[in-house]
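Everything below belongs to final13.txt, which stores compact mmCIF, C-alpha atoms and all ligand atoms.
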# COMPACT_ATOMS: atom_id res chain seq x y z
CA MET A 1 98.51 132.39 16.50
CA SER A 2 98.61 131.46 20.19
CA ASP A 3 97.94 133.87 23.05
CA SER A 4 96.53 136.87 21.18
CA PHE A 5 96.59 139.73 23.63
CA TYR A 6 94.51 142.79 22.84
CA ILE A 7 93.54 145.93 24.69
CA GLY A 8 90.12 147.56 24.41
CA LEU A 9 89.51 151.22 25.30
CA MET A 10 86.00 152.57 25.60
CA SER A 11 84.93 156.09 26.48
CA GLY A 12 81.21 156.37 26.00
CA THR A 13 78.43 158.95 25.94
CA SER A 14 78.29 159.22 29.73
CA LEU A 15 81.65 161.03 29.62
CA ASP A 16 82.60 159.47 32.94
CA GLY A 17 85.98 158.22 31.77
CA VAL A 18 87.84 155.45 30.00
CA ASP A 19 87.09 151.77 30.64
CA ALA A 20 90.05 149.60 29.64
CA VAL A 21 90.65 145.85 29.51
CA LEU A 22 93.54 143.65 28.50
CA ALA A 23 92.34 140.28 27.26
CA CYS A 24 93.61 137.16 25.59
CA PHE A 25 91.52 135.83 22.68
CA ASP A 26 91.55 132.20 21.61
CA SER A 27 91.34 131.26 17.93
CA ALA A 28 87.52 131.42 18.05
CA GLY A 29 87.60 134.90 19.56
CA LYS A 30 86.64 133.85 23.09
CA PRO A 31 88.18 136.29 25.58
CA THR A 32 89.85 135.86 28.94
CA VAL A 33 90.28 139.13 30.82
CA HIS A 34 93.75 139.58 32.35
CA ALA A 35 93.51 143.14 33.66
CA ARG A 36 91.12 146.06 33.84
CA ALA A 37 91.60 149.77 34.46
CA CYS A 38 89.50 152.87 34.62
CA GLU A 39 90.73 156.44 34.03
CA LEU A 40 88.25 159.11 35.04
CA PHE A 41 88.07 162.17 32.80
CA PRO A 42 89.71 165.24 34.33
CA GLU A 43 86.91 167.78 34.81
CA ALA A 44 88.29 170.19 32.18
CA LEU A 45 88.43 167.49 29.48
CA ARG A 46 84.94 166.28 30.35
CA ALA A 47 83.65 169.86 30.10
CA GLU A 48 85.43 170.32 26.76
CA PHE A 49 83.91 167.13 25.30
CA LEU A 50 80.50 168.23 26.53
CA ALA A 51 81.00 171.62 24.87
CA LEU A 52 82.14 169.94 21.64
CA ASN A 53 78.93 167.90 21.65
CA ARG A 54 77.00 171.14 21.18
CA THR A 55 76.70 172.81 17.82
CA ASP A 56 77.37 176.39 18.91
CA GLY A 57 81.09 176.15 19.62
CA PHE A 58 83.91 178.49 18.63
CA ASN A 59 86.98 177.20 16.74
CA GLU A 60 85.72 173.61 16.97
CA LEU A 61 88.33 172.17 14.60
CA ALA A 62 91.38 173.13 16.62
CA ARG A 63 89.67 172.40 19.93
CA SER A 64 88.63 168.95 18.67
CA ALA A 65 92.21 168.13 17.68
CA LEU A 66 93.51 169.20 21.08
CA ALA A 67 90.79 167.27 22.95
CA ALA A 68 91.62 164.17 20.86
CA ASN A 69 95.30 164.51 21.82
CA ALA A 70 94.35 164.82 25.49
CA LEU A 71 92.19 161.71 25.15
CA ALA A 72 95.16 159.80 23.67
CA GLU A 73 97.22 160.74 26.74
CA LEU A 74 94.48 159.36 28.99
CA TYR A 75 94.18 156.22 26.86
CA ALA A 76 97.97 155.75 27.11
CA ARG A 77 97.78 156.02 30.89
CA ALA A 78 95.10 153.30 30.96
CA VAL A 79 97.29 151.10 28.71
CA ASP A 80 100.25 151.62 31.03
CA THR A 81 98.16 150.55 34.05
CA LEU A 82 96.96 147.43 32.22
CA LEU A 83 100.51 146.42 31.25
CA LYS A 84 101.74 146.91 34.80
CA LYS A 85 98.82 144.95 36.29
CA SER A 86 99.26 142.03 33.88
CA CYS A 87 103.08 142.11 33.94
CA LEU A 88 103.14 142.02 30.13
CA PRO A 89 105.48 144.08 27.92
CA ALA A 90 103.96 146.24 25.16
CA THR A 91 105.51 143.92 22.56
CA ARG A 92 103.12 141.12 23.61
CA ILE A 93 100.03 143.17 22.70
CA HIS A 94 98.81 142.62 19.15
CA ALA A 95 96.77 145.80 19.04
CA ILE A 96 94.70 148.30 20.95
CA GLY A 97 91.09 148.83 19.89
CA ALA A 98 90.36 152.48 20.73
CA HIS A 99 86.81 153.75 20.31
CA GLY A 100 87.41 157.52 20.63
CA GLN A 101 84.90 160.02 21.98
CA THR A 102 81.67 160.56 20.06
CA VAL A 103 80.83 164.24 19.61
CA ARG A 104 78.33 163.93 16.74
CA HIS A 105 76.23 160.99 15.61
CA GLN A 106 74.22 161.74 12.45
CA PRO A 107 74.21 158.54 10.37
CA SER A 108 71.18 159.73 8.37
CA GLN A 109 73.37 162.60 7.14
CA GLY A 110 76.21 160.16 6.43
CA PHE A 111 78.53 160.86 9.34
CA THR A 112 79.43 160.00 12.89
CA ILE A 113 82.39 161.65 14.61
CA GLN A 114 84.57 160.04 17.27
CA LEU A 115 87.40 162.30 18.36
CA ASN A 116 90.53 160.21 18.64
CA ALA A 117 94.27 160.45 18.02
CA PRO A 118 95.33 156.90 17.10
CA ALA A 119 98.70 157.99 15.65
CA ARG A 120 99.56 159.69 18.92
CA LEU A 121 98.38 156.66 20.91
CA ALA A 122 100.61 154.38 18.80
CA GLU A 123 103.54 156.73 19.47
CA LEU A 124 102.83 156.86 23.20
CA THR A 125 102.42 153.10 23.66
CA ASN A 126 104.51 151.50 20.88
CA ILE A 127 101.49 149.28 20.22
CA SER A 128 99.47 149.10 16.98
CA VAL A 129 96.17 150.91 17.26
CA VAL A 130 92.93 149.99 15.50
CA ALA A 131 90.43 152.85 15.52
CA ASP A 132 87.65 154.57 13.54
CA PHE A 133 85.32 151.57 13.82
CA ARG A 134 82.05 153.24 12.94
CA SER A 135 82.62 155.19 9.73
CA ARG A 136 82.77 152.23 7.35
CA ASP A 137 79.35 150.97 8.40
CA VAL A 138 77.90 154.47 7.99
CA ALA A 139 79.50 154.69 4.52
CA ALA A 140 77.72 151.41 3.71
CA GLY A 141 74.40 153.02 4.62
CA GLY A 142 74.26 151.78 8.23
CA GLN A 143 73.79 153.44 11.60
CA GLY A 144 77.41 152.74 12.57
CA ALA A 145 75.93 151.57 15.88
CA PRO A 146 75.58 149.48 17.87
CA LEU A 147 78.73 147.55 16.95
CA VAL A 148 78.75 145.23 19.94
CA PRO A 149 76.02 142.67 19.01
CA MET A 150 78.42 140.34 17.13
CA PHE A 151 80.62 140.27 20.22
CA HIS A 152 77.61 139.75 22.50
CA ALA A 153 76.56 136.84 20.27
CA GLY A 154 80.00 135.28 20.70
CA VAL A 155 80.07 135.45 24.49
CA PHE A 156 76.45 135.50 25.70
CA SER A 157 74.50 133.21 23.32
CA SER A 158 72.24 130.75 25.08
CA GLU A 159 69.79 127.95 24.24
CA GLN A 160 66.93 130.33 24.97
CA PRO A 161 66.16 133.75 23.45
CA ARG A 162 68.14 136.28 25.45
CA VAL A 163 68.50 140.06 25.57
CA VAL A 164 71.78 141.78 26.43
CA LEU A 165 71.09 145.30 27.67
CA ASN A 166 73.90 147.85 27.89
CA LEU A 167 73.08 150.77 30.18
CA GLY A 168 75.67 153.40 29.29
CA GLY A 169 74.79 157.01 28.52
CA ILE A 170 72.45 155.55 25.92
CA ALA A 171 70.81 152.14 26.31
CA ASN A 172 71.22 149.53 23.60
CA ILE A 173 69.96 145.98 23.34
CA THR A 174 71.14 142.89 21.53
CA ILE A 175 68.59 140.15 20.93
CA LEU A 176 70.15 136.70 20.72
CA ARG A 177 68.22 133.70 19.45
CA PRO A 178 69.76 130.31 18.69
CA ASP A 179 70.72 129.91 15.01
CA THR A 180 69.73 133.43 13.95
CA ASP A 181 71.70 136.63 13.39
CA PRO A 182 71.56 138.98 16.36
CA ILE A 183 69.31 142.02 16.25
CA GLY A 184 70.38 145.14 18.09
CA PHE A 185 69.57 148.82 18.40
CA ASP A 186 69.55 151.77 20.76
CA THR A 187 66.41 152.07 22.88
CA GLY A 188 66.90 155.64 24.16
CA PRO A 189 68.57 157.32 27.12
CA ALA A 190 70.00 155.15 29.92
CA ASN A 191 72.09 157.41 32.16
CA VAL A 192 72.60 160.51 30.06
CA LEU A 193 69.54 162.44 31.32
CA MET A 194 69.74 161.05 34.87
CA ASP A 195 73.40 162.15 35.09
CA LEU A 196 72.57 165.60 33.77
CA TRP A 197 69.71 166.12 36.24
CA CYS A 198 71.71 164.73 39.16
CA GLN A 199 74.63 167.03 38.40
CA LEU A 200 72.34 170.06 38.16
CA HIS A 201 70.58 169.40 41.48
CA THR A 202 73.10 167.62 43.68
CA GLY A 203 76.46 168.50 42.13
CA ALA A 204 77.33 164.78 41.87
CA SER A 205 78.11 163.52 38.37
CA TYR A 206 75.77 160.55 38.84
CA ASP A 207 73.24 159.21 41.34
CA ALA A 208 75.27 156.55 43.19
CA ASP A 209 73.30 153.29 43.33
CA GLY A 210 70.24 155.30 42.23
CA ALA A 211 69.68 156.28 45.88
CA TRP A 212 68.60 159.89 45.31
CA GLY A 213 66.08 158.90 42.64
CA ALA A 214 64.86 156.03 44.82
CA GLY A 215 63.72 158.65 47.35
CA GLY A 216 61.60 160.40 44.72
CA ARG A 217 58.24 159.45 43.22
CA SER A 218 58.17 158.68 39.55
CA HIS A 219 55.46 160.66 37.74
CA PRO A 220 53.68 158.40 35.22
CA ASP A 221 52.15 161.26 33.17
CA LEU A 222 55.50 163.02 32.78
CA CYS A 223 57.16 159.77 31.74
CA GLN A 224 54.38 159.05 29.24
CA HIS A 225 54.65 162.60 27.88
CA MET A 226 58.40 162.14 27.37
CA ILE A 227 57.75 158.97 25.37
CA ASP A 228 54.74 160.26 23.41
CA SER A 229 56.34 163.61 22.51
CA GLU A 230 59.52 162.07 21.07
CA PRO A 231 59.03 160.54 17.60
CA TRP A 232 62.42 158.77 17.85
CA PHE A 233 60.92 156.22 20.28
CA LYS A 234 58.41 155.18 17.60
CA LEU A 235 60.97 154.70 14.84
CA PRO A 236 61.49 151.08 13.86
CA ALA A 237 64.93 149.46 14.23
CA PRO A 238 67.64 149.82 13.00
CA LYS A 239 68.17 153.01 14.94
CA SER A 240 70.75 154.72 17.10
CA THR A 241 70.95 157.95 19.02
CA GLY A 242 73.12 160.06 21.31
CA ARG A 243 73.57 163.40 22.98
CA ASP A 244 72.60 165.01 19.65
CA LEU A 245 68.99 164.26 20.61
CA PHE A 246 68.83 163.58 24.36
CA HIS A 247 70.26 166.76 25.84
CA GLN A 248 69.35 169.40 28.41
CA GLN A 249 66.99 171.35 26.14
CA TRP A 250 65.12 168.13 25.31
CA LEU A 251 64.48 167.62 29.01
CA GLU A 252 63.69 171.28 29.76
CA GLN A 253 61.04 171.41 27.01
CA ARG A 254 59.25 168.39 28.49
CA LEU A 255 59.43 169.74 32.04
CA LEU A 256 58.08 173.09 30.90
CA HIS A 257 55.15 171.41 29.19
CA MET A 258 54.39 169.38 32.33
CA ALA A 259 54.69 172.37 34.66
CA GLY A 260 51.80 173.95 32.76
CA GLN A 261 49.65 170.84 33.37
CA LEU A 262 50.18 170.48 37.12
CA SER A 263 48.42 172.32 39.93
CA THR A 264 50.64 174.17 42.46
CA ARG A 265 50.09 171.40 45.02
CA GLU A 266 51.28 168.77 42.58
CA GLN A 267 54.62 170.43 41.67
CA LEU A 268 57.39 167.89 41.29
CA ARG A 269 60.51 167.87 43.44
CA PRO A 270 63.92 167.34 41.76
CA ALA A 271 64.12 163.80 43.19
CA ASP A 272 60.71 163.02 41.61
CA ILE A 273 62.07 164.07 38.24
CA GLN A 274 65.14 161.90 38.78
CA ALA A 275 62.82 158.97 39.55
CA THR A 276 60.81 159.76 36.41
CA LEU A 277 63.96 159.77 34.27
CA ARG A 278 64.82 156.37 35.69
CA THR A 279 61.33 155.18 34.72
CA LEU A 280 61.83 156.66 31.23
CA THR A 281 64.88 154.41 30.85
CA THR A 282 62.92 151.41 32.12
CA GLN A 283 59.85 152.08 29.99
CA SER A 284 61.76 152.73 26.76
CA VAL A 285 63.76 149.52 27.27
CA ALA A 286 60.54 147.62 28.08
CA LEU A 287 58.84 149.00 24.96
CA ALA A 288 61.70 147.81 22.76
CA ILE A 289 61.78 144.35 24.36
CA ARG A 290 57.97 144.01 24.12
CA ASN A 291 58.08 144.88 20.41
CA TYR A 292 61.19 142.94 19.36
CA ALA A 293 61.83 140.23 21.95
CA PRO A 294 58.65 139.29 23.81
CA ASP A 295 60.03 135.74 23.93
CA ALA A 296 63.18 136.70 25.90
CA ALA A 297 63.88 134.13 28.62
CA ASP A 298 66.26 136.45 30.44
CA VAL A 299 67.99 139.83 30.26
CA LEU A 300 71.69 140.29 30.97
CA VAL A 301 72.64 143.84 31.90
CA CYS A 302 76.03 145.52 31.50
CA GLY A 303 77.36 149.10 31.65
CA GLY A 304 77.40 151.51 34.57
CA GLY A 305 73.59 151.48 34.87
CA ALA A 306 73.79 147.90 36.14
CA ARG A 307 75.03 149.45 39.41
CA ASN A 308 71.90 151.56 39.77
CA VAL A 309 70.05 149.35 42.24
CA ALA A 310 66.73 151.18 41.86
CA LEU A 311 66.90 150.92 38.06
CA MET A 312 67.69 147.21 38.16
CA GLN A 313 64.73 146.60 40.49
CA GLU A 314 62.40 148.63 38.28
CA LEU A 315 63.58 146.76 35.17
CA GLN A 316 62.97 143.44 36.91
CA LEU A 317 59.38 144.47 37.67
CA ALA A 318 58.72 145.86 34.18
CA LEU A 319 60.26 143.09 32.08
CA GLY A 320 58.69 140.01 33.66
CA CYS A 321 61.72 137.76 33.17
CA PRO A 322 64.95 137.36 35.15
CA VAL A 323 67.16 140.47 34.91
CA ARG A 324 70.77 139.82 35.92
CA ALA A 325 74.14 141.50 35.61
CA THR A 326 76.51 140.00 33.01
CA ASP A 327 78.79 138.99 35.92
CA ASP A 328 76.46 135.99 36.21
CA ALA A 329 77.48 135.00 32.68
CA GLY A 330 81.19 135.42 33.42
CA ILE A 331 81.96 139.00 32.31
CA ASP A 332 82.11 141.97 34.67
CA THR A 333 79.47 144.57 33.79
CA GLN A 334 82.13 147.25 33.42
CA ASP A 335 84.30 145.18 31.07
CA VAL A 336 81.78 144.27 28.38
CA GLU A 337 81.99 147.35 26.14
CA ALA A 338 85.78 147.76 26.41
CA LEU A 339 86.17 144.04 25.75
CA ALA A 340 83.99 144.41 22.66
CA PHE A 341 86.45 146.97 21.26
CA ALA A 342 89.39 144.67 22.00
CA TRP A 343 87.46 142.01 20.08
CA LEU A 344 86.75 144.43 17.22
CA ALA A 345 90.52 145.04 16.93
CA TRP A 346 91.05 141.24 16.97
CA ALA A 347 88.40 140.85 14.24
CA HIS A 348 89.92 143.69 12.18
CA GLN A 349 93.35 142.06 12.20
CA ARG A 350 91.83 138.77 11.02
CA GLY A 351 89.88 140.40 8.22
CA ILE A 352 86.57 139.46 9.84
CA ALA A 353 83.61 141.60 8.81
CA ALA A 354 82.35 142.43 12.29
CA SER A 355 79.40 144.63 11.47
CA ASN A 356 75.98 143.15 11.21
CA PRO A 357 73.60 144.49 8.56
CA SER A 358 70.61 143.12 10.50
CA VAL A 359 71.68 145.44 13.32
CA THR A 360 72.92 148.58 11.61
CA GLY A 361 70.92 148.47 8.38
CA ALA A 362 74.05 148.72 6.21
CA LYS A 363 74.00 147.12 2.77
CA GLY A 364 76.54 144.51 3.84
CA ALA A 365 78.91 143.37 6.57
CA ARG A 366 82.24 145.22 6.52
CA ILE A 367 85.68 144.97 8.09
CA LEU A 368 85.56 147.77 10.64
CA GLY A 369 88.38 150.13 11.61
CA ALA A 370 91.80 151.05 10.32
CA THR A 371 95.28 150.34 11.69
CA TRP A 372 98.00 152.70 12.87
CA PRO A 373 100.95 150.30 13.15
CA ALA A 374 103.27 150.42 16.16
N1 LIG B 401 77.35 153.00 41.39
C1 LIG B 401 76.59 153.51 40.43
N2 LIG B 401 75.30 153.81 40.66
C2 LIG B 401 74.51 154.34 39.71
N3 LIG B 401 74.93 154.63 38.47
C3 LIG B 401 76.22 154.35 38.18
C4 LIG B 401 77.13 153.78 39.11
N4 LIG B 401 78.33 153.63 38.51
C5 LIG B 401 78.19 154.08 37.26
N5 LIG B 401 76.93 154.53 37.05
C6 LIG B 401 76.37 155.13 35.84
O1 LIG B 401 77.01 154.58 34.71
C7 LIG B 401 77.52 155.63 33.87
C8 LIG B 401 78.73 155.14 33.13
O2 LIG B 401 78.40 153.96 32.44
P1 LIG B 401 79.24 153.44 31.21
O3 LIG B 401 80.67 153.77 31.41
O4 LIG B 401 78.85 152.02 31.02
O5 LIG B 401 78.61 154.30 30.05
P2 LIG B 401 79.28 155.03 28.80
O6 LIG B 401 80.55 155.69 29.24
O7 LIG B 401 78.23 155.90 28.23
O8 LIG B 401 79.65 153.85 27.86
P3 LIG B 401 78.98 153.18 26.55
O9 LIG B 401 78.80 154.27 25.55
O10 LIG B 401 80.00 152.17 26.19
O11 LIG B 401 77.72 152.52 26.93
C9 LIG B 401 77.78 156.78 34.82
O12 LIG B 401 77.75 158.00 34.12
C10 LIG B 401 76.63 156.62 35.80
O13 LIG B 401 75.47 157.22 35.31
MG MG B 402 81.92 155.11 30.50
Mind converting the file's structure to structure tokens?
Amino acid sequence: MSDSFYIGLMSGTSLDGVDAVLACFDSAGKPTVHARACELFPEALRAEFLALNRTDGFNELARSALAANALAELYARAVDTLLKKSCLPATRIHAIGAHGQTVRHQPSQGFTIQLNAPARLAELTNISVVADFRSRDVAAGGQGAPLVPMFHAGVFSSEQPRVVLNLGGIANITILRPDTDPIGFDTGPANVLMDLWCQLHTGASYDADGAWGAGGRSHPDLCQHMIDSEPWFKLPAPKSTGRDLFHQQWLEQRLLHMAGQLSTREQLRPADIQATLRTLTTQSVALAIRNYAPDAADVLVCGGGARNVALMQELQLALGCPVRATDDAGIDTQDVEALAFAWLAWAHQRGIAASNPSVTGAKGARILGATWPA
């Protein structure tokens, strides 16, 4: 098969919107990006997904179905933009890999839920859709996440041990060493708590370039308390997490505890807490790299967090090896995750088992996803 065009659609835990890429894969699965698009979530849909992440909702089944349909409309708009930008007709696209929106992630209980409407997306675009990538790995006893390490291995492998760090809502790392299977796992929150705090105190959905937090003073004891009081950080890999664990109450409990420890003169300002949440991201990533990849020669960063200048500087100081954006290795930081889902659709159609038991802990590698034909 020549020119295999695929589209990848990723809407992650940050709930900022849909990242979309249209790429051509060669026979070895190496991608060339032809177009990219981003569709921000309308505020009402973002609020509805946030509400559906909580466990106290009313009429969740019907609301989930409606939110999934709305997501498919947004996905279709992103696909339309990609086709226009690349001047390709829908008939040239082999398939769309559509992640869906995670609203529950409980692999230890045997499920993970991504709201999605692949049938509707196939109807709207006249393109085959591959979706539901995570459930098969969970059924095989795995975490169902992260699913990107095989893709990272294909595009970012180097002669030296290397870490690929994705800073989305949650942070996940892939450890690449020559001639060995990749290792990968979630390390904890990346942007999810910073976004939440920023929204509460400034009204902005995220701290652009990390500027607000950069004006605060990170509080080492609060950061240490956040790490020490959360057993998840001490769990060995494989592990994954999400908004199920790192949510507003999680943060409020820790702040309440700390408030009782500080004198009136020491009280923290909101910007100090933002800085501390940034340090929590840095320290939890550093902990994981110290434990699992102390030999890393460099760290390549992707995801929206790569644009947080203060976070990138802090990571550079904490990790003691070069920390660079994936752009330096030829892939735009914002494209990596969406491209991974285009690749997962490519792998699905070729019958390639794209999960990695050394990453997810499943009892074997599996072909991920299911197809809704055009
Ligand atoms: N200019 C910027 N400065 C600081 N932070 C930014 C900037 N742009 C994006 N971000 C952060 O990146 C987040 C979005 O990142 P991204 O889309 O990679 O995460 P995600 O949607 O959770 O995806 P995934 O689950 O695939 O990792 C935003 O919510 C915001 O916190
Ligand atoms: Mg996103």
With all atoms listed in the file counted, collect every polymer residue having an atom within 8 Å of ligand LIG 401 (chain B); state the result as a PDB file with C-alpha atoms, in the frame of the given file.
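Below you can see result-v6.pdb, which holds the result:
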ATOM      1  CA  MET A  10      86.000 152.570  25.600  1.00  0.00           C
ATOM      2  CA  SER A  11      84.930 156.090  26.480  1.00  0.00           C
ATOM      3  CA  GLY A  12      81.210 156.370  26.000  1.00  0.00           C
ATOM      4  CA  THR A  13      78.430 158.950  25.940  1.00  0.00           C
ATOM      5  CA  SER A  14      78.290 159.220  29.730  1.00  0.00           C
ATOM      6  CA  LEU A  15      81.650 161.030  29.620  1.00  0.00           C
ATOM      7  CA  ASP A  16      82.600 159.470  32.940  1.00  0.00           C
ATOM      8  CA  GLY A  17      85.980 158.220  31.770  1.00  0.00           C
ATOM      9  CA  VAL A  18      87.840 155.450  30.000  1.00  0.00           C
ATOM     10  CA  ASP A  19      87.090 151.770  30.640  1.00  0.00           C
ATOM     11  CA  ASN A 166      73.900 147.850  27.890  1.00  0.00           C
ATOM     12  CA  LEU A 167      73.080 150.770  30.180  1.00  0.00           C
ATOM     13  CA  GLY A 168      75.670 153.400  29.290  1.00  0.00           C
ATOM     14  CA  GLY A 169      74.790 157.010  28.520  1.00  0.00           C
ATOM     15  CA  ILE A 170      72.450 155.550  25.920  1.00  0.00           C
ATOM     16  CA  ALA A 171      70.810 152.140  26.310  1.00  0.00           C
ATOM     17  CA  ASN A 172      71.220 149.530  23.600  1.00  0.00           C
ATOM     18  CA  ALA A 190      70.000 155.150  29.920  1.00  0.00           C
ATOM     19  CA  ASN A 191      72.090 157.410  32.160  1.00  0.00           C
ATOM     20  CA  VAL A 192      72.600 160.510  30.060  1.00  0.00           C
ATOM     21  CA  MET A 194      69.740 161.050  34.870  1.00  0.00           C
ATOM     22  CA  ASP A 195      73.400 162.150  35.090  1.00  0.00           C
ATOM     23  CA  SER A 205      78.110 163.520  38.370  1.00  0.00           C
ATOM     24  CA  TYR A 206      75.770 160.550  38.840  1.00  0.00           C
ATOM     25  CA  ASP A 207      73.240 159.210  41.340  1.00  0.00           C
ATOM     26  CA  ALA A 208      75.270 156.550  43.190  1.00  0.00           C
ATOM     27  CA  ASP A 209      73.300 153.290  43.330  1.00  0.00           C
ATOM     28  CA  GLY A 210      70.240 155.300  42.230  1.00  0.00           C
ATOM     29  CA  CYS A 302      76.030 145.520  31.500  1.00  0.00           C
ATOM     30  CA  GLY A 303      77.360 149.100  31.650  1.00  0.00           C
ATOM     31  CA  GLY A 304      77.400 151.510  34.570  1.00  0.00           C
ATOM     32  CA  GLY A 305      73.590 151.480  34.870  1.00  0.00           C
ATOM     33  CA  ALA A 306      73.790 147.900  36.140  1.00  0.00           C
ATOM     34  CA  ARG A 307      75.030 149.450  39.410  1.00  0.00           C
ATOM     35  CA  ASN A 308      71.900 151.560  39.770  1.00  0.00           C
ATOM     36  CA  VAL A 309      70.050 149.350  42.240  1.00  0.00           C
ATOM     37  CA  THR A 333      79.470 144.570  33.790  1.00  0.00           C
ATOM     38  CA  GLN A 334      82.130 147.250  33.420  1.00  0.00           C
ATOM     39  CA  GLU A 337      81.990 147.350  26.140  1.00  0.00           C
ATOM     40  CA  ALA A 338      85.780 147.760  26.410  1.00  0.00           C
TER      41      ALA A 338
END
>> Env of A:Asp295: 9 Å cut, atoms = only C-alpha atoms, seq-sep filter 3 positions within chain, self excluded. Answer as a ChimeraX atom specification.
In response: /A:160-162,289-290,292
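Between atom CA of A:Ile113 and atom CA of A:Ser64 lies a distance of 10.4 Å.
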>> List the spatial neighbours of A:His225 as number ranges by chain - criterion: any atom at most 12 Å away, all atoms listed in the file, same-chain residues fewer than 6 positions off excluded.
In response: A: 219, 231, 233, 251, 253-259, 261, 276-277, 280, 283
> A:Gly361: which residues within 6 Å, counting all atoms listed in the file, same-chain residues fewer than 4 positions away excluded, as a VMD selection string?
Replying inline: chain A and resid 142 238 357
Output the selection as an mmCIF file, keeping the file's coordinate frame - C-alpha atoms for each residue.
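This went into result.cif:
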data_model
loop_
_atom_site.group_PDB
_atom_site.id
_atom_site.type_symbol
_atom_site.label_atom_id
_atom_site.label_comp_id
_atom_site.auth_asym_id
_atom_site.auth_seq_id
_atom_site.Cartn_x
_atom_site.Cartn_y
_atom_site.Cartn_z
ATOM 1 C CA GLY A 142 74.260 151.780 8.230
ATOM 2 C CA PRO A 238 67.640 149.820 13.000
ATOM 3 C CA PRO A 357 73.600 144.490 8.560
#
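Closest to A:Ile183 among A:Ala288, A:Ala90, A:Ala20, A:Val301 is A:Ala288, based on all atoms listed in the file.
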>> Counting only C-alpha atoms, which residue out of A:Leu193, A:Val138, A:Leu45, A:Ala362 sits closest to A:Gln109?
In response: A:Val138
> A:Ala95, A:Leu40, A:Ile331, A:Leu319: which is nearest ligand MG 402 (chain B), counting all atoms listed in the file?
Replying inline: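 Looking at the shortest contact to ligand MG 402 (chain B), the residue is A:Leu40.
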> When you draw a straight line from atom CA of A:Lys85 to atom CA of A:Pro31, how long is it in Å?
Replying inline: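 Distance reported for this atom pair: 17.4 Å.
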>> Ranking A:Ala35, A:Ala365, A:Leu124, A:Leu245 by minimum distance to A:Leu147 and counting all atoms listed in the file, which one comes first?
In response: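 Selected residue with least distance to A:Leu147: A:Ala365.
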Given 5 Å on each side, where is the centre and what are the edge lengths in Å to one decimal of the axis-aligned box enclosing the listed atoms of stretch 15-22 of chain A, as JSON?
{"center_x": 87.6, "center_y": 152.3, "center_z": 30.7, "size_x": 21.9, "size_y": 27.4, "size_z": 14.4}
> Between A:Gln224, A:Phe156, A:Ser128, A:His105, which has the minimum distance to A:Phe5 (counting only C-alpha atoms)?
Replying inline: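 Residue with the minimum atom-to-atom distance to A:Phe5: A:Ser128.
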> Between A:Leu22, A:Ala98, A:Val33, A:Ala354, which one has atoms that come closest to A:Leu9, using only C-alpha atoms?
Replying inline: A:Ala98
> Neighbours of A:Gly154 within 8 Å (only C-alpha atoms; same-chain residues fewer than 3 positions away dropped), as a ChimeraX atom specification?
Replying inline: /A:29-30,150-151,157
>> Could you list, as a PyMOL selection string, every residue within 9 Å of A:Ala374, counting all atoms listed in the file and ignoring same-chain residues fewer than 2 positions away?
In response: chain A and resi 95+119+122-123+125-129+372
>> Can you measure atom CA of A:Ala140 to atom CA of A:Thr360 for me? One decimal in Å is fine.
In response: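 Computing it gives 9.7 Å between the two atoms.
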>> Residues within 9 Å of (87.1, 139.0, 24.1), file coordinates, counting only C-alpha atoms: what are they? Give the list as JSON, numbers by chain.
In response: {"A": [6, 23, 24, 25, 26, 29, 30, 31, 32, 33, 151, 154, 155, 336, 339, 340, 341, 342, 343, 344, 346]}
